[in-house]
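Asker: Quick one: this structure, given as structure tokens, is what I'll be asking you about.
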Amino acid sequence: MKKEPLLIMKDISKSFGAVQALMKVNLELYSGEVLALLGENGAGKSTLMNILSGGVPSYQGDIEISGERAHIHSPMDARQAGVAKIHQELQLVPELSVAENIYIGREPCTKLGFIDRRRMNLLAKQYLDLLDLHVEPDLPVKRLRIGEQQLVEIAKALSLHAKVLIMDEPTSALSRTETRTLFHIINKIAAEGVSIIYITHRMEEIFELTHRVTVLRDGAAIGTVDTASTNHDELVGMMAGRSITELYPSRESCIGREILRVEHLHFNPPRHTNKRKLQDISLHLHRGEVLGIAGLLGSGRSELFECIYGLHTNHSKARMYIDGVRVQMKKPRDAIHRGISFVTEDRKGQGLVLGRSIGENMSLPLLRAFSKMTFMLRKVEAGHWQEQMDSLKIKAPSYHEIVGHLSGGNQQKVILGRWLLVKPQILLLDEPTRGIDVGAKSEIYQVINKLAANGLGIIVISSDLPEVIGLSDRILTFCEGRLTGEFTQQEATQEKLLSAATRREEVNSGVESTDLHEFGFTGTRRDSNLE
């Protein structure tokens with residue numbers, strides 16, 4: 001690397017009204033370097049990168065690129081300065097071809113003013129070959145896998161001759177294989193001299209990919225460290241201002257009588273879906289108990305919740321009891337009336353209406369309860385909204401704030417607030433801390449502990465083994481639609497859970513086998529995945 005930084009951001013400050021988002025932040029980036037930008041949700045990462053990429057026009061401080069002052073106040077300014085950003089939500093037009101997406105708005109033209117598609121395809125092919133992406137330039141983007149679409153975004157940035165490439169959570173929607181391919185490409189383009197700012201909550205990626213780490217907290221730069229000389233606990237301490245041992249708050253379990261029993265649940269999904277078949281699942285849950293479910297992606301964990309919640313009545317069968325009384329869930333409304341609340345894994349796609357307010361999102365399952373003669377009882381609603389905001393410590397100016405403007409952790413709290421408003425007896429939480437930072441995770445853990453202490457029965461699905469061990473009184477393991485193990489918290493170790501969660505049955509031979517490589521679990525602490 002060169003001794004002189006390629007990029008210098010000096011004393012960058014930005015406020016939004018009374019909120020100080022950034023306070024004199026300094027950042028340096030060298031040619032060919034992969035720099036991780038780490039911090040909790042709301043730490044200022046997005047604001048800092050939006051300033052660099054031209055998304056925030058007004059700010060205080062100076063930016064230098066290649067030794068020259070850069071005046072970046074629009075995306076066009078950033079492009080001309082050699083800065084490109086790849087957003088977490090890909091900015092592609094599905095109906096257009098790969099080449100059209102790469103050169104959108106910059107299409108090469110013939111002398112007569114028509115788009116020169118042949119030349120555009122040839123130019124695009126050069127960047128696709130550089131990225132080892134073997135697809136035809138005239139192929140519609142919608143026919144590509146997510147990982148391939150990610151590479152098209154990188155090709156677009158390289159076609160702009162970017163010196164600085166900002167990558168915001170680039171692996172959030174990628175499979176393990178696609179992630180490996182992306183890492184290979186990042187190393188390849190970094191070797192060509194492109195500098196990369198890599199935003200992620202996944203610690204394992206930081207240690208595998210980056211050269212240095214800059215940590216932000218509460219709008220301030222806490223420090224920059226060499227990746228090779230730091231460790232997970234030090235970075236968590238820098239991010240959160242507290243040690244890793246404080247993540248899982250202790251509680252005294254007070255387990256009461258059985259509240260839920262599921263016997264011999266079978267689920268045969270329709271062929272056109274990608275749902276996992278469930279085979280003879282039986283479980284029980286007590287009041288005040290947190291029951292953890294560990295398993296691989298696609299093992300059938302989410303399908304279990306969906307069946308309990310009445311989403312697959314025509315394709316599932318089971319005997320289900322609540323407080324010892326046999327019940328049938330023909331639709332989700334039945335589950336809600338029986339005191340079951342379900343927080344889905346897909347927060348943005350299935351959990352929230354992002355364009356509506358916090359309060360409106362909380363009221364969704366209670367529109368009848370909060371209305372009289374077709375008119376909404378606004379004062380009644382508002383009282384409940386404020387109560388949940390105070391109880392869950394939702395960080396927002398008011399319940400009128402649009403949910404899409406909130407951080408991931410606060411969005412998750414809004415969903416929790418909604419389902420707590422219906423006064424449930426049983427709470428189903430599917431990956432409740434996915435996509436949120438370490439500080440918000442700790443707050444969610446405290447909420448779960450408080451609810452359990454108040455007598456709720458809670459079932460938590462988590463791919464994070466330390467999390468499921470730290471939260472749960474008992475843990476069940478799933479593999480390929482089967483229940484493969486049960487452990488108390490005292491018995492559970494990551495090794496035992498991994499072994500049980502990868503215990504596969506070969507249908508023809510009856511031989512069990514374990515293959516860890518095709519799944520998202522590793523033997524390392526997944527609490528390093530601070531999504």
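To be explicit about the labels: the chains of the structure tokens are called A, B, and onward in the order shown, and within each one the residues are counted from 1, while ligands get numbers from 1 in the order they are shown.
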Please identify every residue of segment 188-208 of chain A that has at least one atom no farther than 6 Å from an atom of segment 31-50 of chain A, counting only C-alpha atoms, and for each give the shortest atom pair and the distance in Å to one decimal, arranged by chain then increasing number, as CSV.
Answerer:
residue,atom,partner,partner_atom,distance
A:Ala190,CA,A:Gly32,CA,4.5
A:Ala191,CA,A:Gly32,CA,5.9
A:Gly193,CA,A:Gly32,CA,4.2
A:Val194,CA,A:Gly32,CA,5.0
A:Ser195,CA,A:Gly32,CA,4.6
A:Ile196,CA,A:Val34,CA,4.7
A:Ile197,CA,A:Leu35,CA,4.9
A:Tyr198,CA,A:Ala36,CA,4.7
A:Ile199,CA,A:Leu37,CA,5.0
Asker: Since we have the selection now, will you write its residues out, keeping C-alpha atoms, as a compact mmCIF listing (two decimals), in the first residue's frame?
Answerer:
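File part.txt, as written:
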# COMPACT_ATOMS: atom_id res chain seq x y z
CA ALA A 190 -8.36 -4.69 -4.49
CA ALA A 191 -5.20 -6.16 -5.98
CA GLY A 193 -5.77 -0.89 -6.80
CA VAL A 194 -9.48 -0.32 -6.11
CA SER A 195 -10.05 0.71 -2.49
CA ILE A 196 -13.07 -0.72 -0.71
CA ILE A 197 -15.04 0.44 2.33
CA TYR A 198 -16.87 -2.64 3.56
CA ILE A 199 -19.86 -2.15 5.87
Asker: Can you pull out every residue within 7 Å of segment 410-414 of chain A, counting only C-alpha atoms, but drop anything in the same chain fewer than 5 positions away, and send it as JSON, numbers by chain?
Answerer: {"A": [358, 362, 392, 394, 395, 403]}
Asker: Which of these residues is nearest to Asp218 of chain A, using only C-alpha atoms: A:Val325, A:Leu130, A:Met239, A:Val468?
Answerer: A:Met239
Asker: So which residues touch Val343 of chain A within 10 Å, counting only C-alpha atoms, skipping near sequence neighbours fewer than 3 positions away, as an MDAnalysis selection string?
Answerer: chainID A and resid 305 346:347 350:351 412 415:416 418:419 427:432 460
Asker: Put those residues in a file: N, CA, C and O atoms, as a tab-separated table (two decimals), in the first residue's frame.
Answerer:
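Result file is result_5.tsv:
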chain	number	residue	atom	x	y	z
A	305	PHE	N	-43.28	-23.03	12.84
A	305	PHE	CA	-44.03	-21.88	13.33
A	305	PHE	C	-45.25	-21.60	12.46
A	305	PHE	O	-46.34	-21.29	12.95
A	346	ASP	N	-38.75	-12.51	8.19
A	346	ASP	CA	-38.62	-11.48	7.17
A	346	ASP	C	-39.26	-10.19	7.66
A	346	ASP	O	-40.44	-9.93	7.43
A	347	ARG	N	-38.46	-9.39	8.34
A	347	ARG	CA	-38.97	-8.18	8.99
A	347	ARG	C	-39.57	-7.21	7.97
A	347	ARG	O	-40.66	-6.68	8.16
A	350	GLN	N	-42.46	-9.30	5.35
A	350	GLN	CA	-43.68	-9.85	5.92
A	350	GLN	C	-44.09	-9.18	7.22
A	350	GLN	O	-45.25	-9.28	7.62
A	351	GLY	N	-43.17	-8.50	7.89
A	351	GLY	CA	-43.47	-8.01	9.22
A	351	GLY	C	-43.99	-6.58	9.28
A	351	GLY	O	-44.79	-6.25	10.15
A	412	GLN	N	-37.49	-3.95	14.61
A	412	GLN	CA	-37.82	-5.21	15.28
A	412	GLN	C	-38.64	-4.96	16.54
A	412	GLN	O	-39.57	-5.71	16.85
A	415	ILE	N	-42.31	-4.41	15.69
A	415	ILE	CA	-43.04	-5.67	15.47
A	415	ILE	C	-43.36	-6.33	16.80
A	415	ILE	O	-44.48	-6.80	17.02
A	416	LEU	N	-42.40	-6.34	17.71
A	416	LEU	CA	-42.65	-6.90	19.03
A	416	LEU	C	-43.77	-6.14	19.73
A	416	LEU	O	-44.67	-6.74	20.34
A	418	ARG	N	-46.22	-4.52	18.42
A	418	ARG	CA	-47.50	-4.87	17.81
A	418	ARG	C	-48.06	-6.15	18.42
A	418	ARG	O	-49.22	-6.20	18.84
A	419	TRP	N	-47.24	-7.19	18.47
A	419	TRP	CA	-47.76	-8.48	18.91
A	419	TRP	C	-47.93	-8.57	20.42
A	419	TRP	O	-48.70	-9.38	20.91
A	427	LEU	N	-45.46	-16.69	22.48
A	427	LEU	CA	-44.78	-15.81	21.55
A	427	LEU	C	-43.80	-16.64	20.72
A	427	LEU	O	-42.90	-17.29	21.26
A	428	LEU	N	-43.99	-16.62	19.39
A	428	LEU	CA	-43.11	-17.32	18.46
A	428	LEU	C	-42.18	-16.29	17.82
A	428	LEU	O	-42.65	-15.38	17.13
A	429	LEU	N	-40.88	-16.43	18.03
A	429	LEU	CA	-39.90	-15.48	17.52
A	429	LEU	C	-38.97	-16.18	16.54
A	429	LEU	O	-38.18	-17.04	16.94
A	430	ASP	N	-39.06	-15.82	15.27
A	430	ASP	CA	-38.23	-16.43	14.24
A	430	ASP	C	-37.07	-15.49	13.91
A	430	ASP	O	-37.26	-14.45	13.30
A	431	GLU	N	-35.86	-15.86	14.33
A	431	GLU	CA	-34.65	-15.05	14.13
A	431	GLU	C	-34.88	-13.60	14.57
A	431	GLU	O	-34.74	-12.66	13.79
A	432	PRO	N	-35.21	-13.37	15.84
A	432	PRO	CA	-35.59	-12.02	16.28
A	432	PRO	C	-34.46	-11.01	16.26
A	432	PRO	O	-34.73	-9.81	16.31
A	460	VAL	N	-38.05	-19.52	20.49
A	460	VAL	CA	-37.13	-18.69	19.72
A	460	VAL	C	-36.36	-19.55	18.73
A	460	VAL	O	-35.71	-20.52	19.12
Asker: Tell me which of A:Cys254, A:Leu7, A:Ile185, A:Met373 sits closest to Ala452 of chain A, counting only C-alpha atoms.
Answerer: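 Between A:Cys254, A:Leu7, A:Ile185, A:Met373, the residue approaching Ala452 of chain A most closely is A:Cys254.
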